[in-house]
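Comments concern the structure below.
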Amino acid sequence: MDYGFYQRMKQEDITEEYLWNTRLMPMLGYIPPQEKGLVREALSLAFDAHEGQSRKSGEPFITHPVEVTRILAELRMDSDSLIAGLLHDTVEDCGETVGLEEIGFYFGQSVQRIVEGETKFSKLPTHHPERSKGAAEEQSNCLTKSDTKAQDLQFLFLAMTEEVRIIVVKLADRLHNMRTMASMPQNKQRRIAQETLEVFSPLARLLGLYTIKEELEELSFYYAMPQQYAMTRRVVDRVWESQRIAVEAASFDLQRRMADDPYLTDLLRKVHIEISRKSLYSIWRKLHDSGRSIREISEIAQIRVILDPVKSTSCDAVGAAASERQLCYHAMGLIHSFWAPIPGSMKDYIATPKPNNYQSLHTTVIPTGLVIPNDSSNGGKVSKGKYSQALFPIEIQIKTGEMERLAQFGIAIDSWQCADEFSRSNHDSVEEDGNNAEGIITSNHVGGFPVREKEDQAVFNGRLSMSPQKLDSYSMTRRINWLNSIRQWQEEFLGTLSAKEFVACVTGDLLGQGVFVFTPSGQVMRLPKGASVVDFAYHIHTDIGNTMVAARVNGKIVPAEHRLANAEVVEVITYKGPANANIVRRHRQWLDAAQTKSARHKILKFLKENSGFMGPSDEVAVDNLLNRNNVADITSSQSYWLSIQCVDRSGLLADISNVISRYNHNILSYSGSKEKTTNIFSMNYELEGPIHLLPTLLERLSQVNCVQSWRAGCYLHNNEISTL
């Protein structure tokens with residue numbers, strides 16, 4: 001797609017009328033005329049506000065918010081989102097010209113909230129409660145760029161829990177910036193691309209915006225890892241060229257067999273068969289995670305089978321949905337009857353949808369007995385018999401049009417009305433708009449299926465005239481309960497986590513790769529890859545984690561450090577009543593079992609609140625762990641001083657050294673002295689090691705024979721020391 005056409009235009013030709021008549025208005029047929037008028041007014045305000053401003057690439061700055069709004073219009077977002085897309089940079093870059101209050105006055109409070117969320121909070125001291133005018137200057141002297149960026153992301157995450165459209169507009173903003181990043185310095189390209197892979201692409205995935213996610217990943221891969229990108233592309237292009245004809249033959253064979261099936265013929269209007277390649281980034285990441293060489297690439301082809309059922313006359317929506325799901329299962333059974341699946345490759349996201357509500361059946365097969373059609377236009381040799389080709393796997397996805405619509409647009413579909421009509425015309429409109437992605441081959445009409453042209457046209461006309469809903473916070477968040485975790489963390493960790501630590505919780509625990517497990521009631525829960533049953537308990541609710549005494553996985557009691565795998569059923573066993581010494585001791589040991597930052601912080605808070613059940617050594621160790629000024633991360637290394645008082649005996653120094661070594665601490669320095677009259681030996685250490693292991697280390701020291709007491713502390717600035 002050409003993203004540089006603005007640069008080839010004359011500046012005087014990029015007028016407000018051109019932007020409206022050519023770039024925006026043709027895409028706004030789905031919103032009512034009065035709302036279209038408000039979008040037109042927003043364009044005028046943005047055009048005037050950005051007058052004289054240019055992008056790094058040279059084109060007028062106004063082209064950026066216009067293209068952001070076009071992306072939002074492709075998602076069929078509501079008019080408030082479109083207006084916010086046009087105005088999202090006006091307050092930050094044109095603060096003297098346009099204010100938030102003015103935006104709220106003319107376009108409403110919803111637009112004002114979205115624009116406010118888009119604005120870089122670090123440039124607006126009023127949005128940082130801790131920054132008074134004087135304090136802001138003082139704080140800016142000690143905050144690094146990474147600290148400021150962490151604060152920006154923290155405020156963005158918190159703002160989006162109140163208004164989800166903030167992140168949808170932000171994703172559109174980031175996507176256009178990634179599309180036009182060629183003019184930036186290389187180091188900035190890589191930094192932005194890496195941040196996109198860590199934050200914005202996972203957010204798009206969690207929201208179900210796969211069209212946005214895949215393009216963000218592809219562009220980020222290109223800029224963040226140019227050498228790996230180029231190598232992966234060369235190999236994938238070569239493999240695709242060797243597989244393409246066979247994949248097209250498999251698609252043709254699949255069309256023919258489905259058209260010959262009487263069950264599908266009676267219940268389907270159409271079948272859409274789409275051939276595509278997997279994205280370069282997903283191929284590279286899969287190889288990278290498994291430690292395989294890029295030369296081992298073979299599974300790159302995908303065939304999407306999208307079923308368009310005959311519209312049910314039943315008023316029972318639940319029954320109609322069940323019938324459509326049954327069509328998907330029947331289609332998979334039909335495919336498996338002539339192409340055997342690779343064992344373990346089948347994934348049922350219909351019975352157990354992903355947390356973002358993605359639904360589909362996935363299976364990977366190795367097609368055999370392929371026949372090249374006589375009317376083949378793929379450039380391959382025509383063969384009357386079986387096509388001979390080296391065997392390779394093809395992933396097949398089976399879904400209904402409604403499921404495909406959700407897979408492409410995710411949370412954005414909540415801004416649409418007439419969802420059922422749109423799902424039936426979605427693929428027709430894709431062809432008519434000419435928006436097929438590169439490498440996609442689409443076949444809409446399968447022989448043997450009736451074609452209802454008049455009905456199709458009526459549906460298409462209805463799609464053009466439908467109007468979006470005005471979105472409220474509830475309608476946008478009812479399906480994305482992971483936002484509750486962000487709210488909960490903010491409430492629980494207020495004053496105990498720095499901005500960096502808070503952002504690390506979100507990016508590590510929510511946005512990273514995950515596993516999907518079940519609660520005993522069948523609810524699907526997503527946790528980070530490598531999470532333990534302790535992480536699961538705290539993910540459900542803080543109180544569940546605090547009262548947990550054991551856990552069962554697939555009906556069997558497992559240790560706390562058990563790492564969860566996909567499709568496991570996890571049951572947390574809790575107790576009723578106040579905390580006691582045994583519970584507190586058990587949770588102290590679970591610090592090692594907890595893999596997520598959020599769970600570890602919650603355990604530390606629980607231990608602090610119940611410090612009365614701990615010995616002095618445990619209590620002060622927890623105090624140190626909770627001190628965010630001294631600890632950057634509870635898994636990081638820290639330097640300590642340790643003084644031990646003990647009754648002298650043979651082998652004592654060796655026993656203590658073994659304890660220190662066992663918990664991954666290094667002895668940086670040591671000195672010792674003995675009081676002859678009392679036989680008390682004093683040991684003084686300087687240690688370095690992981691802070692989350694310190695409480696257990698100190699507890700074990702207390703159990704060493706002849707140790708009477710100890711004191712410990714950490715080194716602060718200017719060589720000061722702090723007593724634990």
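If you're wondering about the labels, chains in the structure tokens are A, B, ... by order shown, residues count from 1 in each chain, ligands from 1 in order shown.
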Residues near segment 529-543 of chain A, cut-off 9 Å, only C-alpha atoms, skip fewer than 2 positions along chain, as a ChimeraX atom specification: /A:485,509,512-515,525,527,545-548,550-553,558-565,570-572,590,593-596,598-600,602-603
Could you write those residues out with C-alpha atoms, as a PDB file, in the first residue's frame?
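Saved to part33.pdb:
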ATOM      1  CA  SER A 485      -6.817  -6.122  36.733  1.00  0.00           C
ATOM      2  CA  ASP A 509       1.428 -10.102  33.266  1.00  0.00           C
ATOM      3  CA  GLY A 512       2.958 -11.095  27.189  1.00  0.00           C
ATOM      4  CA  GLN A 513       2.461 -14.530  25.687  1.00  0.00           C
ATOM      5  CA  GLY A 514      -0.019 -16.548  27.666  1.00  0.00           C
ATOM      6  CA  VAL A 515      -1.587 -19.881  28.522  1.00  0.00           C
ATOM      7  CA  MET A 525      -8.648 -17.633  32.164  1.00  0.00           C
ATOM      8  CA  LEU A 527      -2.311 -16.030  32.361  1.00  0.00           C
ATOM      9  CA  GLY A 545      -4.691 -15.724  46.749  1.00  0.00           C
ATOM     10  CA  ASN A 546      -4.466 -14.532  50.350  1.00  0.00           C
ATOM     11  CA  THR A 547      -6.654 -17.394  51.632  1.00  0.00           C
ATOM     12  CA  MET A 548      -5.232 -20.111  49.394  1.00  0.00           C
ATOM     13  CA  ALA A 550      -3.497 -25.580  48.193  1.00  0.00           C
ATOM     14  CA  ALA A 551      -4.479 -26.099  44.565  1.00  0.00           C
ATOM     15  CA  ARG A 552      -5.659 -28.929  42.350  1.00  0.00           C
ATOM     16  CA  VAL A 553      -4.820 -29.203  38.659  1.00  0.00           C
ATOM     17  CA  VAL A 558       0.015 -29.936  42.962  1.00  0.00           C
ATOM     18  CA  PRO A 559       2.846 -27.957  44.578  1.00  0.00           C
ATOM     19  CA  ALA A 560       2.665 -24.180  44.543  1.00  0.00           C
ATOM     20  CA  GLU A 561       5.385 -23.906  41.918  1.00  0.00           C
ATOM     21  CA  HIS A 562       3.449 -26.026  39.378  1.00  0.00           C
ATOM     22  CA  ARG A 563       3.665 -24.272  35.985  1.00  0.00           C
ATOM     23  CA  LEU A 564       0.329 -24.142  34.191  1.00  0.00           C
ATOM     24  CA  ALA A 565      -0.180 -25.548  30.690  1.00  0.00           C
ATOM     25  CA  VAL A 570      -7.292 -25.328  38.085  1.00  0.00           C
ATOM     26  CA  GLU A 571      -9.083 -25.333  41.435  1.00  0.00           C
ATOM     27  CA  VAL A 572      -7.933 -23.198  44.355  1.00  0.00           C
ATOM     28  CA  TRP A 590       5.286 -18.772  47.821  1.00  0.00           C
ATOM     29  CA  ALA A 593       6.578 -19.878  43.286  1.00  0.00           C
ATOM     30  CA  ALA A 594       4.929 -16.673  42.044  1.00  0.00           C
ATOM     31  CA  GLN A 595       6.107 -15.826  38.531  1.00  0.00           C
ATOM     32  CA  THR A 596       4.037 -12.698  37.830  1.00  0.00           C
ATOM     33  CA  SER A 598       1.468  -8.601  40.329  1.00  0.00           C
ATOM     34  CA  ALA A 599       1.204 -11.809  42.400  1.00  0.00           C
ATOM     35  CA  ARG A 600       4.569 -11.192  44.071  1.00  0.00           C
ATOM     36  CA  LYS A 602       0.300  -8.877  46.409  1.00  0.00           C
ATOM     37  CA  ILE A 603       2.058 -11.522  48.528  1.00  0.00           C
TER      38      ILE A 603
END
Residues near Gln194 of chain A, cut-off 10 Å, only C-alpha atoms, skip fewer than 5 positions along chain, as a PyMOL selection string: chain A and resi 188-189+199-200+217+220-221+223-225
Residue contacts of Arg174 of chain A (9 Å, only C-alpha atoms) excluding same-chain residues fewer than 2 positions away, as a PyMOL selection string: chain A and resi 68+169-172+176-179+196+200+216
N, CA and C atoms of the current selection, written as an mmCIF file, in the first residue's frame:
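Written out: result-v6.cif:
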data_model
loop_
_atom_site.group_PDB
_atom_site.id
_atom_site.type_symbol
_atom_site.label_atom_id
_atom_site.label_comp_id
_atom_site.auth_asym_id
_atom_site.auth_seq_id
_atom_site.Cartn_x
_atom_site.Cartn_y
_atom_site.Cartn_z
ATOM 1 N N VAL A 68 -5.287 8.832 10.507
ATOM 2 C CA VAL A 68 -5.701 8.126 11.721
ATOM 3 C C VAL A 68 -7.213 7.935 11.713
ATOM 4 N N VAL A 169 -8.185 4.597 19.567
ATOM 5 C CA VAL A 169 -7.647 5.744 18.833
ATOM 6 C C VAL A 169 -6.126 5.740 18.906
ATOM 7 N N LYS A 170 -5.576 5.402 20.068
ATOM 8 C CA LYS A 170 -4.119 5.348 20.205
ATOM 9 C C LYS A 170 -3.514 4.295 19.276
ATOM 10 N N LEU A 171 -4.188 3.161 19.112
ATOM 11 C CA LEU A 171 -3.696 2.127 18.206
ATOM 12 C C LEU A 171 -3.710 2.616 16.760
ATOM 13 N N ALA A 172 -4.769 3.338 16.381
ATOM 14 C CA ALA A 172 -4.820 3.903 15.033
ATOM 15 C C ALA A 172 -3.707 4.926 14.846
ATOM 16 N N HIS A 176 -0.557 4.485 12.038
ATOM 17 C CA HIS A 176 -0.171 5.417 10.976
ATOM 18 C C HIS A 176 1.258 5.908 11.174
ATOM 19 N N ASN A 177 1.661 6.126 12.417
ATOM 20 C CA ASN A 177 3.052 6.517 12.663
ATOM 21 C C ASN A 177 4.023 5.430 12.202
ATOM 22 N N MET A 178 3.658 4.171 12.416
ATOM 23 C CA MET A 178 4.517 3.078 11.972
ATOM 24 C C MET A 178 4.558 3.007 10.445
ATOM 25 N N ARG A 179 3.442 3.296 9.802
ATOM 26 C CA ARG A 179 3.396 3.260 8.343
ATOM 27 C C ARG A 179 4.302 4.320 7.718
ATOM 28 N N THR A 196 6.257 -0.856 20.353
ATOM 29 C CA THR A 196 5.027 -1.319 19.705
ATOM 30 C C THR A 196 4.849 -2.817 19.895
ATOM 31 N N PHE A 200 1.757 -2.083 22.262
ATOM 32 C CA PHE A 200 0.582 -1.776 21.452
ATOM 33 C C PHE A 200 0.072 -2.964 20.642
ATOM 34 N N LEU A 216 0.796 -3.958 12.773
ATOM 35 C CA LEU A 216 1.747 -3.397 13.732
ATOM 36 C C LEU A 216 2.947 -4.327 13.911
#
Separation of atom CA of Trp284 of chain A from atom CA of Glu296 of chain A in Å: 10.8 Å
Residues within 12 Å of segment 643-651 of chain A, only C-alpha atoms, excluding chain neighbours under 2 positions, as number ranges by chain: A: 617, 640-641, 653-658, 669-687, 698, 701-714, 723-724
Please tabulate, as a Markdown table, the residues of segment 505-543 of chain A that come within 10 Å of segment 336-357 of chain A, each with its closest pair of atoms and the distance in Å to one decimal, counting only C-alpha atoms and ordering rows by chain, then residue number upward.
| residue | atom | partner | partner_atom | distance |
| --- | --- | --- | --- | --- |
| A:Phe516 | CA | A:Lys354 | CA | 7.9 |
| A:Val517 | CA | A:Thr352 | CA | 10.0 |
| A:Phe518 | CA | A:Thr352 | CA | 9.3 |
| A:Gly522 | CA | A:Thr352 | CA | 8.7 |
| A:Gln523 | CA | A:Thr352 | CA | 8.5 |
| A:Val524 | CA | A:Thr352 | CA | 6.9 |
| A:Met525 | CA | A:Pro355 | CA | 7.1 |
| A:Arg526 | CA | A:Pro355 | CA | 6.8 |
Secondary structure check, helix (DSSP H, G or I) residues of segment 2-86 of chain A, as a ChimeraX atom specification: /A:5-8,11-13,16-27,33-49,63-74,79-86
Backbone-only DSSP, strand (DSSP E) members of segment 518-672 of chain A, as number ranges by chain: A: 518, 524-528, 548-553, 556-558, 570-574, 637-647, 666-672
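Counting from atom CA of Ile71 of chain A, the distance to atom CA of Tyr18 of chain A is 17.7 Å.
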A:Thr180, A:Ser323, A:Ser242, A:Thr232 ranked by distance to Lys278 of chain A, top pick (using only C-alpha atoms):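 Of all the options, A:Thr232 lies closest to Lys278 of chain A.
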